[in-house]
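The file run-v8.json comes next; it holds JSON, C-alpha atoms and all ligand atoms.
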[["chain", "number", "residue", "atom", "x", "y", "z"],
["A", 1, "MET", "CA", 20.62, -35.29, -14.08],
["A", 2, "GLN", "CA", 22.16, -37.95, -11.87],
["A", 3, "LEU", "CA", 21.41, -38.56, -8.24],
["A", 4, "THR", "CA", 23.20, -40.78, -5.76],
["A", 5, "VAL", "CA", 20.50, -42.78, -4.01],
["A", 6, "ASN", "CA", 21.33, -45.48, -1.47],
["A", 7, "GLY", "CA", 24.90, -45.54, -2.76],
["A", 8, "GLN", "CA", 23.98, -45.95, -6.42],
["A", 9, "ARG", "CA", 24.18, -43.40, -9.22],
["A", 10, "ARG", "CA", 20.74, -43.09, -10.80],
["A", 11, "GLU", "CA", 19.67, -41.09, -13.84],
["A", 12, "VAL", "CA", 16.57, -38.95, -13.31],
["A", 13, "THR", "CA", 14.71, -37.16, -16.07],
["A", 14, "HIS", "CA", 12.50, -34.84, -14.01],
["A", 15, "PRO", "CA", 14.90, -32.93, -11.77],
["A", 16, "ASP", "CA", 12.35, -30.18, -11.10],
["A", 17, "GLU", "CA", 9.83, -32.68, -9.78],
["A", 18, "MET", "CA", 9.58, -33.13, -6.01],
["A", 19, "LEU", "CA", 11.96, -35.79, -4.77],
["A", 20, "VAL", "CA", 9.17, -37.98, -3.38],
["A", 21, "TRP", "CA", 7.78, -38.47, -6.91],
["A", 22, "VAL", "CA", 11.16, -38.97, -8.52],
["A", 23, "LEU", "CA", 11.96, -41.64, -5.95],
["A", 24, "ARG", "CA", 8.61, -43.37, -6.23],
["A", 25, "ASP", "CA", 7.70, -42.97, -9.91],
["A", 26, "GLU", "CA", 11.05, -42.73, -11.68],
["A", 27, "LEU", "CA", 13.26, -44.86, -9.48],
["A", 28, "GLY", "CA", 10.65, -47.31, -8.17],
["A", 29, "LEU", "CA", 11.58, -46.68, -4.54],
["A", 30, "THR", "CA", 8.06, -46.78, -3.15],
["A", 31, "GLY", "CA", 9.18, -47.19, 0.45],
["A", 32, "THR", "CA", 9.08, -43.39, 0.74],
["A", 33, "HIS", "CA", 5.42, -42.58, 1.36],
["A", 34, "TYR", "CA", 3.35, -39.56, 0.38],
["A", 35, "GLY", "CA", 0.88, -38.21, 2.90],
["A", 36, "CYS", "CA", 0.08, -34.53, 3.24],
["A", 37, "GLY", "CA", 2.29, -32.96, 0.57],
["A", 38, "ILE", "CA", 2.78, -29.85, 2.69],
["A", 39, "GLY", "CA", 5.66, -30.87, 4.93],
["A", 40, "ALA", "CA", 3.48, -31.60, 7.95],
["A", 41, "CYS", "CA", 3.23, -35.39, 8.28],
["A", 42, "GLY", "CA", 6.76, -36.57, 7.54],
["A", 43, "SER", "CA", 5.77, -39.80, 5.81],
["A", 44, "CYS", "CA", 7.99, -38.70, 2.89],
["A", 45, "THR", "CA", 11.09, -38.20, 5.05],
["A", 46, "VAL", "CA", 14.42, -39.16, 3.52],
["A", 47, "LEU", "CA", 17.98, -38.21, 4.36],
["A", 48, "ILE", "CA", 19.95, -35.90, 2.10],
["A", 49, "GLY", "CA", 23.57, -35.75, 3.19],
["A", 50, "GLY", "CA", 22.43, -37.30, 6.46],
["A", 51, "GLN", "CA", 19.92, -34.52, 7.12],
["A", 52, "VAL", "CA", 16.25, -35.29, 7.67],
["A", 53, "THR", "CA", 14.43, -33.86, 4.65],
["A", 54, "ARG", "CA", 10.80, -33.67, 3.57],
["A", 55, "ALA", "CA", 10.85, -35.15, 0.06],
["A", 56, "CYS", "CA", 7.41, -33.70, -0.76],
["A", 57, "LEU", "CA", 8.80, -30.15, -0.55],
["A", 58, "THR", "CA", 12.25, -30.73, -1.99],
["A", 59, "PRO", "CA", 12.93, -30.74, -5.73],
["A", 60, "ALA", "CA", 15.10, -33.64, -6.83],
["A", 61, "SER", "CA", 17.61, -31.11, -8.16],
["A", 62, "ALA", "CA", 18.29, -29.99, -4.58],
["A", 63, "ALA", "CA", 19.87, -33.38, -3.92],
["A", 64, "ALA", "CA", 22.37, -33.14, -6.79],
["A", 65, "GLY", "CA", 25.87, -33.95, -5.60],
["A", 66, "ARG", "CA", 24.67, -35.21, -2.21],
["A", 67, "GLU", "CA", 23.84, -38.64, -0.89],
["A", 68, "VAL", "CA", 20.15, -39.50, -0.71],
["A", 69, "THR", "CA", 19.16, -42.29, 1.64],
["A", 70, "THR", "CA", 15.69, -43.78, 1.59],
["A", 71, "VAL", "CA", 14.19, -46.46, 3.77],
["A", 72, "GLU", "CA", 15.32, -49.02, 1.17],
["A", 73, "GLY", "CA", 18.92, -48.01, 1.87],
["A", 74, "LEU", "CA", 18.95, -48.74, 5.60],
["A", 75, "ALA", "CA", 19.67, -52.48, 5.58],
["A", 76, "ARG", "CA", 23.11, -53.77, 4.66],
["A", 77, "GLY", "CA", 22.30, -56.84, 2.58],
["A", 78, "GLU", "CA", 20.55, -59.29, 4.91],
["A", 79, "ARG", "CA", 21.58, -57.28, 7.95],
["A", 80, "LEU", "CA", 18.81, -55.07, 9.28],
["A", 81, "HIS", "CA", 19.52, -51.57, 10.47],
["A", 82, "PRO", "CA", 18.95, -51.23, 14.24],
["A", 83, "VAL", "CA", 15.87, -49.05, 13.64],
["A", 84, "GLN", "CA", 14.36, -51.75, 11.43],
["A", 85, "GLN", "CA", 14.92, -54.41, 14.06],
["A", 86, "ALA", "CA", 13.56, -52.13, 16.79],
["A", 87, "PHE", "CA", 10.36, -51.28, 14.88],
["A", 88, "LEU", "CA", 9.85, -54.99, 14.13],
["A", 89, "GLU", "CA", 9.88, -55.52, 17.89],
["A", 90, "ASN", "CA", 7.52, -52.55, 18.43],
["A", 91, "PRO", "CA", 5.04, -52.77, 15.56],
["A", 92, "LEU", "CA", 2.74, -49.97, 14.46],
["A", 93, "GLN", "CA", -0.81, -50.20, 13.23],
["A", 94, "CYS", "CA", -1.02, -49.23, 9.55],
["A", 95, "GLY", "CA", 2.61, -48.34, 8.98],
["A", 96, "TRP", "CA", 1.98, -45.38, 6.69],
["A", 97, "CYS", "CA", 4.13, -43.16, 8.87],
["A", 98, "LEU", "CA", 6.77, -45.84, 9.32],
["A", 99, "PRO", "CA", 9.35, -44.85, 6.67],
["A", 100, "GLY", "CA", 9.50, -41.34, 8.08],
["A", 101, "HIS", "CA", 9.95, -42.57, 11.62],
["A", 102, "LEU", "CA", 12.65, -45.00, 10.53],
["A", 103, "MET", "CA", 14.57, -42.27, 8.74],
["A", 104, "SER", "CA", 14.24, -39.78, 11.62],
["A", 105, "ALA", "CA", 15.43, -42.41, 14.08],
["A", 106, "ALA", "CA", 18.30, -43.43, 11.82],
["A", 107, "ALA", "CA", 19.43, -39.79, 11.60],
["A", 108, "LEU", "CA", 19.26, -39.46, 15.39],
["A", 109, "LEU", "CA", 21.39, -42.58, 15.88],
["A", 110, "GLU", "CA", 24.00, -41.16, 13.53],
["A", 111, "ARG", "CA", 24.30, -38.23, 15.93],
["A", 112, "THR", "CA", 24.23, -40.26, 19.13],
["A", 113, "THR", "CA", 23.69, -43.83, 20.22],
["A", 114, "ASP", "CA", 22.78, -42.63, 23.72],
["A", 115, "PRO", "CA", 19.90, -40.24, 23.07],
["A", 116, "THR", "CA", 18.26, -38.34, 25.90],
["A", 117, "PRO", "CA", 14.52, -38.72, 26.51],
["A", 118, "ALA", "CA", 14.10, -35.28, 24.90],
["A", 119, "GLN", "CA", 15.97, -36.37, 21.79],
["A", 120, "ILE", "CA", 13.86, -39.54, 21.57],
["A", 121, "GLU", "CA", 10.74, -37.43, 22.01],
["A", 122, "GLU", "CA", 11.86, -35.12, 19.23],
["A", 123, "ALA", "CA", 12.65, -38.01, 16.86],
["A", 124, "ALA", "CA", 9.29, -39.60, 17.65],
["A", 125, "GLY", "CA", 7.36, -36.35, 17.37],
["A", 126, "ILE", "CA", 8.84, -34.90, 14.19],
["A", 127, "ASN", "CA", 6.53, -37.11, 12.11],
["A", 128, "LEU", "CA", 2.80, -37.61, 12.54],
["A", 129, "CYS", "CA", 1.29, -41.00, 13.24],
["A", 130, "ARG", "CA", -2.39, -40.93, 12.45],
["A", 131, "CYS", "CA", -2.86, -44.17, 14.37],
["A", 132, "GLY", "CA", -1.45, -42.59, 17.52],
["A", 133, "GLY", "CA", 1.33, -45.11, 17.91],
["A", 134, "TYR", "CA", 3.69, -42.78, 19.73],
["A", 135, "ASN", "CA", 4.33, -45.06, 22.70],
["A", 136, "SER", "CA", 5.48, -47.79, 20.37],
["A", 137, "ILE", "CA", 7.53, -45.30, 18.37],
["A", 138, "ARG", "CA", 9.27, -43.96, 21.48],
["A", 139, "ARG", "CA", 10.03, -47.51, 22.63],
["A", 140, "ALA", "CA", 11.34, -48.40, 19.19],
["A", 141, "VAL", "CA", 13.70, -45.41, 19.05],
["A", 142, "ALA", "CA", 15.07, -46.22, 22.52],
["A", 143, "ARG", "CA", 15.45, -49.90, 21.56],
["A", 144, "ALA", "CA", 17.20, -48.98, 18.31],
["A", 145, "ALA", "CA", 19.75, -46.97, 20.28],
["A", 146, "GLU", "CA", 20.28, -49.93, 22.60],
["A", 147, "LEU", "CA", 20.76, -52.26, 19.65],
["A", 148, "LYS", "CA", 23.21, -49.90, 18.00],
["A", 149, "ARG", "CA", 25.19, -49.57, 21.21],
["A", 150, "GLY", "CA", 25.28, -53.37, 21.28],
["A", 151, "GLY", "CA", 26.82, -53.41, 17.81],
["A", 152, "LEU", "CA", 23.85, -54.30, 15.57],
["A", 201, "LIG", "S1", 4.08, -35.97, 2.56],
["A", 201, "LIG", "FE1", 5.82, -34.81, 3.01],
["A", 201, "LIG", "S2", 5.48, -34.11, 5.02],
["A", 201, "LIG", "FE2", 3.62, -35.13, 4.52],
["A", 202, "LIG", "S1", 0.88, -46.50, 12.21],
["A", 202, "LIG", "FE1", -0.71, -45.64, 11.01],
["A", 202, "LIG", "S2", 0.02, -43.63, 10.63],
["A", 202, "LIG", "FE2", 1.43, -44.40, 12.04]]
Any chance you could give the structure as structure tokens?
Amino acid sequence: MQLTVNGQRREVTHPDEMLVWVLRDELGLTGTHYGCGIGACGSCTVLIGGQVTRACLTPASAAAGREVTTVEGLARGERLHPVQQAFLENPLQCGWCLPGHLMSAAALLERTTDPTPAQIEEAAGINLCRCGGYNSIRRAVARAAELKRGGL
């Protein structure tokens, strides 16, 4: 089966396997992290067709014919995505949760570059941060929106 991941067609041989393992083990895209495996922590979050998706609960076959975006697909060459720049400015402790937060924030900014506090709260709260870095995460999401509005 073929998948489109970060704009590239990739052959996968275990379509029934959960997407997180296909990405990490078959395609070498280890930026997507595995945490709980039960859909609770969000460290495995990727976008499928622009929708925030838990890759630990989603078979790779469910992404057939749709665009999968992982954290590796956010930058455009040397140009960082606004959420990457914003999280660089607002660092987290261990970073295990980071790919999920980046992907949730990126999805939010596709919907709006002027998110309300409630939308920022939702984007920050959809994924768990075991280090309790939510203040930094909220600041990063707001900063990412500002950067995107400024054209980054
Ligand atoms: S690893 Fe998928 S939600 Fe925790
Ligand atoms: S920074 Fe450690 S889990 Fe979020």
Check: Which distance in Å separates atom CA of Pro82 of chain A and atom CA of Thr45 of chain A, to one decimal?
Finding: 17.8 Å
Please, which residues in chain A fall within 10 Å of ligand LIG 201 (chain A) when counting all atoms listed in the file, and what is the closest atom pair and distance in Å to one decimal for each, ordered by chain then residue number, as a tab-separated table?
residue	atom	partner	partner_atom	distance
A:Met18	CA	A:LIG201	FE1	9.9
A:Leu19	CA	A:LIG201	FE1	10.0
A:Val20	CA	A:LIG201	FE1	7.9
A:Thr32	CA	A:LIG201	S1	9.1
A:His33	CA	A:LIG201	S1	6.9
A:Tyr34	CA	A:LIG201	S1	4.3
A:Gly35	CA	A:LIG201	S1	3.9
A:Cys36	CA	A:LIG201	FE2	3.8
A:Gly37	CA	A:LIG201	S1	4.0
A:Ile38	CA	A:LIG201	S2	5.6
A:Gly39	CA	A:LIG201	S2	3.2
A:Ala40	CA	A:LIG201	S2	4.3
A:Cys41	CA	A:LIG201	FE2	3.8
A:Gly42	CA	A:LIG201	S2	3.7
A:Ser43	CA	A:LIG201	S1	5.3
A:Cys44	CA	A:LIG201	FE1	4.5
A:Thr45	CA	A:LIG201	FE1	6.6
A:Val46	CA	A:LIG201	FE1	9.7
A:Thr53	CA	A:LIG201	FE1	8.8
A:Arg54	CA	A:LIG201	FE1	5.1
A:Ala55	CA	A:LIG201	FE1	5.8
A:Cys56	CA	A:LIG201	FE1	4.2
A:Leu57	CA	A:LIG201	FE1	6.6
A:Thr58	CA	A:LIG201	FE1	9.1
A:Cys97	CA	A:LIG201	FE2	9.1
A:Gly100	CA	A:LIG201	S2	8.8
A:Ile126	CA	A:LIG201	S2	9.8
A:Asn127	CA	A:LIG201	S2	7.8
A:Leu128	CA	A:LIG201	FE2	8.4
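Using all atoms listed in the file, the smallest distance between any of A:Gly50, A:Gly73, A:Gly95, A:Pro117 and Cys131 of chain A comes from A:Gly95.
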Next item on the list: Select, counting only C-alpha atoms, all protein, DNA and RNA residues no farther than 9 Å from (14.6, -37.6, 19.0) in file coordinates, and express the selection as a PyMOL selection string.
Entry: chain A and resi 104-105+108-109+115-126+138+141
Those residues you just picked out, can you put them in a file as a CSV table (one decimal), in the coordinates of the input with C-alpha atoms?
chain,number,residue,atom,x,y,z
A,104,SER,CA,14.2,-39.8,11.6
A,105,ALA,CA,15.4,-42.4,14.1
A,108,LEU,CA,19.3,-39.5,15.4
A,109,LEU,CA,21.4,-42.6,15.9
A,115,PRO,CA,19.9,-40.2,23.1
A,116,THR,CA,18.3,-38.3,25.9
A,117,PRO,CA,14.5,-38.7,26.5
A,118,ALA,CA,14.1,-35.3,24.9
A,119,GLN,CA,16.0,-36.4,21.8
A,120,ILE,CA,13.9,-39.5,21.6
A,121,GLU,CA,10.7,-37.4,22.0
A,122,GLU,CA,11.9,-35.1,19.2
A,123,ALA,CA,12.6,-38.0,16.9
A,124,ALA,CA,9.3,-39.6,17.6
A,125,GLY,CA,7.4,-36.4,17.4
A,126,ILE,CA,8.8,-34.9,14.2
A,138,ARG,CA,9.3,-44.0,21.5
A,141,VAL,CA,13.7,-45.4,19.0
Next item on the list: Return as a list in words the residues of protein, DNA or RNA that approach ligand LIG 202 (chain A) to within 6 Å, with all atoms listed in the file taken into account.
Entry: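 I would give the residues around ligand LIG 202 (chain A) as Leu92, Gln93, Cys94, Gly95, Trp96, Cys97, Cys129, Arg130, Cys131 and Gly133 of chain A.
The space between atom CA of Gly31 of chain A and atom CA of Arg149 of chain A spans 26.3 Å.
Minimum atom-to-atom distance to Ala142 of chain A, evaluated using all atoms listed in the file, belongs to A:Ala86 out of A:Ala106, A:Leu47, A:Ala86, A:Leu29.
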Next item on the list: Can you work out which one of A:Ala140, A:Val5, A:Leu27, A:Leu152 has the shortest atom-to-atom distance to His101 of chain A, counting only C-alpha atoms?
Entry: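 Nearest candidate to His101 of chain A out of A:Ala140, A:Val5, A:Leu27, A:Leu152: A:Ala140.
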Margin query: Taking 2 positions as the minimum chain separation for residues in the same chain, which residues sit within 12 Å of Thr4 of chain A when counting only C-alpha atoms? Answer as an MDAnalysis selection string.
Written below: chainID A and resid 1:2 6:12 23 27 47:49 60:70 73
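Picture a line from atom CA of Glu72 of chain A to atom CA of Pro91 of chain A; it runs 18.1 Å.
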Next item on the list: Identify the residues within 7 Å of coordinate (9.3, -47.3, 12.2) (same frame as the file), considering only C-alpha atoms, and give the answer as a VMD selection string.
Entry: chain A and resid 83 to 84 87 98 to 99 101 to 102 137
Padding of 5 Å on every side, edges along x, y and z, all listed atoms of segment 18-21 of chain A included: what centre and edge lengths in Å, to one decimal, does that box have, as JSON?
{"center_x": 9.9, "center_y": -35.8, "center_z": -5.1, "size_x": 14.2, "size_y": 15.3, "size_z": 13.5}
Notebook entry, point to check: So, counting all atoms listed in the file, which residue among A:His81, A:Asn135, A:Met103, A:Glu146 is closest to Gln51 of chain A?
Noted result: A:Met103
